[in-house]
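Single-structure report; data block below.
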Amino acid sequence: MSWFKRVKEGITTSTEDKKSVPDGLWHKCSRCKKAITTTDHEANKFVCPSCNYHDKIGSKEYFSILFDDGKYEELFANIKPTDPLKFVDTKDYKTRLEDTILKSGLNDALRVGVGDINDMPLVIACMDFNFIGGSMGSVVGEKISRGIDFARENKIPIMIISKSGGARMMEAAFSLMQMAKTSAKLALLGKAGIPYISLLTDPTTGGVTASFAMLGDINIAEPEALIGFAGPRVIRETIGKDLPKGFQSSEFLLEHGFVDIIVPRTELKEKLSTLLRLLGDETKSAAVSDIS
């Protein structure tokens with residue numbers, strides 16, 4: 001037994017050394033549980049290199065990934081939500097807004113930026129799920145509408161990145177009206193011949209799916225994203241039947257014609273560049289045809 005006796009003082013074990021590892025240095029995949037450095041995870045666009053799991057990210061990360069050198073101009077940043085109905089559930093809406101703004105550093109669940117993607121201009125309206133579940137309220141609808149107007153006036157394509165639990169119940173009909181408002185604005189954009197690309201991420205549900213998210217000239221989805229109107233549990237209980245395997249996933253919707261293409265986040269910028277180039281050529285051809 002003396003063989004296993006520690007005879008020297010000051011020897012540390014590997015478990016003791018772990019205490020010196022800085023917090024945030026490693027990222028552990030929530031699906032396959034494999035760990036990589038946070039730096040490598042960010043360099044891979046927040047996608048697990050082992051199992052291709054796409055972590056949920058917000059507008060800050062998408063803007064950094066897509067815009068050249070991460071440079072862009074944020075539009076309509078000072079628009080903030082109000083509490084027109086004096087709504088109260090487990091917490092009054094005004095307090096909920098104040099707490100969420102303080103915690104998230106965001107004014108609402110969507111930001112709009114304009115910049116270049118491989119030297120081609122693009123307006124991006126991106127939803128943030130950590131602001132009350134990415135719910136669509138009056139500010140989200142207003143920012144999207146103004147973003148569409150900006151794109152139309154400046155003849156720049158627009159992309160909306162959806163990540164939402166649906167309409168914001170605290171604003172009731174004010175929220176539901178945003179479905180019609182944004183859809184009408186997109187109709188005007190279409191008449192002007194300005195391309196609109198919709199990117200659906202996990203999750204895209206409710207009134208967002210029932211309006212602008214599915215109205216793109218091209219509908220792109222990230223892999224394995226949940227996309228639908230009502231949730232799977234609600235549908236199952238309503239129809240009284242088990243749902244098909246993979247129901248409401250990106251892959252299921254692609255197979256049934258609701259999505260045009262699935263693009264991994266690691267390839268998104270290059271695929272967007274190709275689409276913008278093709279759509280730009282098509283727009284120019286249509287303009288020449290109209291003139292002639």
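Please note that chains go A, B, ... in the order of the structure tokens, that every chain numbers its residues from 1, and that ligands are numbered from 1 in the order shown.
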
Which of stretch 44-73 of chain A counts as strand (DSSP E or B) under DSSP, as a PyMOL selection string please?
chain A and resi 47+54+72-73

Same residues, C-alpha atoms, saved as an mmCIF file, in the first residue's frame:
data_model
loop_
_atom_site.group_PDB
_atom_site.id
_atom_site.type_symbol
_atom_site.label_atom_id
_atom_site.label_comp_id
_atom_site.auth_asym_id
_atom_site.auth_seq_id
_atom_site.Cartn_x
_atom_site.Cartn_y
_atom_site.Cartn_z
ATOM 1 C CA VAL A 47 -22.702 25.030 -35.678
ATOM 2 C CA HIS A 54 -27.301 24.675 -35.288
ATOM 3 C CA TYR A 72 -23.613 47.547 -41.239
ATOM 4 C CA GLU A 73 -25.870 50.494 -40.448
#

Would you kindly return, as a list of chain:residue names, each protein, DNA or RNA residue with an atom no farther than 12 Å from any atom of A:Thr39, considering only C-alpha atoms and excluding same-chain residues fewer than 4 positions away?
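My list of contacting residues is A:Gly24, A:Leu25, A:Trp26, A:His27, A:Ala35, A:Ala43, A:Asn44, A:Lys45, A:Phe46, A:Val47.
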
Using only C-alpha atoms, which residues sit within 9 Å of A:Pro81 once same-chain residues fewer than 2 positions away are excluded, as a PDB file with C-alpha atoms, in the first residue's frame?
ATOM      1  CA  ILE A  79     -38.408  52.465 -31.934  1.00  0.00           C
ATOM      2  CA  ASP A  83     -48.433  49.047 -23.557  1.00  0.00           C
ATOM      3  CA  LEU A  97     -40.879  45.027 -21.348  1.00  0.00           C
ATOM      4  CA  ASN A 107     -35.470  47.436 -27.744  1.00  0.00           C
ATOM      5  CA  ASP A 108     -37.672  44.692 -29.211  1.00  0.00           C
ATOM      6  CA  GLY A 137     -45.702  42.872 -31.690  1.00  0.00           C
ATOM      7  CA  SER A 138     -46.340  46.328 -33.122  1.00  0.00           C
ATOM      8  CA  VAL A 139     -42.657  47.284 -33.159  1.00  0.00           C
ATOM      9  CA  VAL A 140     -41.647  44.126 -35.042  1.00  0.00           C
TER      10      VAL A 140
END

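Across the model, the gap from atom CA of A:Gly216 to atom CA of A:Ala167 is 19.2 Å.
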
Would you mind listing what lies within 8 Å of stretch 242-252 of chain A as a PDB file with N, CA and C atoms, in the first residue's frame, with only C-alpha atoms counted and same-chain residues fewer than 5 positions away left out?
ATOM      1  N   ALA A 221     -34.392  27.646 -45.487  1.00  0.00           N
ATOM      2  CA  ALA A 221     -34.484  27.185 -44.106  1.00  0.00           C
ATOM      3  C   ALA A 221     -33.137  26.658 -43.640  1.00  0.00           C
ATOM      4  N   GLU A 222     -32.870  26.835 -42.363  1.00  0.00           N
ATOM      5  CA  GLU A 222     -31.711  26.170 -41.768  1.00  0.00           C
ATOM      6  C   GLU A 222     -32.067  24.711 -41.503  1.00  0.00           C
ATOM      7  N   PRO A 223     -31.071  23.813 -41.440  1.00  0.00           N
ATOM      8  CA  PRO A 223     -31.352  22.391 -41.205  1.00  0.00           C
ATOM      9  C   PRO A 223     -32.077  22.142 -39.882  1.00  0.00           C
ATOM     10  N   GLU A 224     -33.053  21.235 -39.937  1.00  0.00           N
ATOM     11  CA  GLU A 224     -33.759  20.731 -38.755  1.00  0.00           C
ATOM     12  C   GLU A 224     -34.513  21.800 -37.977  1.00  0.00           C
ATOM     13  N   ALA A 225     -34.849  22.896 -38.623  1.00  0.00           N
ATOM     14  CA  ALA A 225     -35.618  23.948 -37.953  1.00  0.00           C
ATOM     15  C   ALA A 225     -37.076  23.528 -37.812  1.00  0.00           C
ATOM     16  N   LEU A 226     -37.701  23.898 -36.697  1.00  0.00           N
ATOM     17  CA  LEU A 226     -39.132  23.691 -36.509  1.00  0.00           C
ATOM     18  C   LEU A 226     -39.871  24.839 -37.182  1.00  0.00           C
ATOM     19  N   ILE A 227     -40.706  24.512 -38.157  1.00  0.00           N
ATOM     20  CA  ILE A 227     -41.442  25.522 -38.914  1.00  0.00           C
ATOM     21  C   ILE A 227     -42.902  25.095 -39.004  1.00  0.00           C
ATOM     22  N   GLY A 228     -43.808  25.940 -38.561  1.00  0.00           N
ATOM     23  CA  GLY A 228     -45.226  25.589 -38.639  1.00  0.00           C
ATOM     24  C   GLY A 228     -46.081  26.674 -38.034  1.00  0.00           C
ATOM     25  N   PRO A 232     -46.738  20.943 -32.766  1.00  0.00           N
ATOM     26  CA  PRO A 232     -47.070  19.530 -33.001  1.00  0.00           C
ATOM     27  C   PRO A 232     -48.040  18.958 -31.981  1.00  0.00           C
ATOM     28  N   ARG A 236     -51.659  17.361 -32.897  1.00  0.00           N
ATOM     29  CA  ARG A 236     -51.912  15.960 -32.556  1.00  0.00           C
ATOM     30  C   ARG A 236     -53.189  15.821 -31.740  1.00  0.00           C
ATOM     31  N   VAL A 259     -40.724  24.886 -48.664  1.00  0.00           N
ATOM     32  CA  VAL A 259     -39.413  25.516 -48.579  1.00  0.00           C
ATOM     33  C   VAL A 259     -38.669  25.222 -49.869  1.00  0.00           C
ATOM     34  N   ILE A 262     -32.678  24.171 -48.327  1.00  0.00           N
ATOM     35  CA  ILE A 262     -32.115  24.138 -46.976  1.00  0.00           C
ATOM     36  C   ILE A 262     -30.632  24.453 -47.088  1.00  0.00           C
TER      37      ILE A 262
END

In Å to one decimal, how far is atom CA of A:Pro84 from atom CA of A:Phe174?
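Separating atom CA of A:Phe174 from atom CA of A:Pro84 is a distance of 8.8 Å.
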
For A:Cys126, list every protein, DNA or RNA residue within 8 Å, evaluated using only C-alpha atoms, and leave out those in the same chain fewer than 2 positions away; present the list as an MDAnalysis selection string.
chainID A and resid 58:59 62 110:112 124 128 160:162

Near-A:Pro121 list (8 Å; only C-alpha atoms; drop same-chain fewer than 4 positions) as number ranges by chain:
A: 114-117, 156-157

Quick one: everything within 12 Å of A:Ile132, counting only C-alpha atoms, minus sequence neighbours fewer than 6 positions away in the same chain. Send it as a PyMOL selection string.
chain A and resi 93+96-101+103-104+106-110+140+163-170
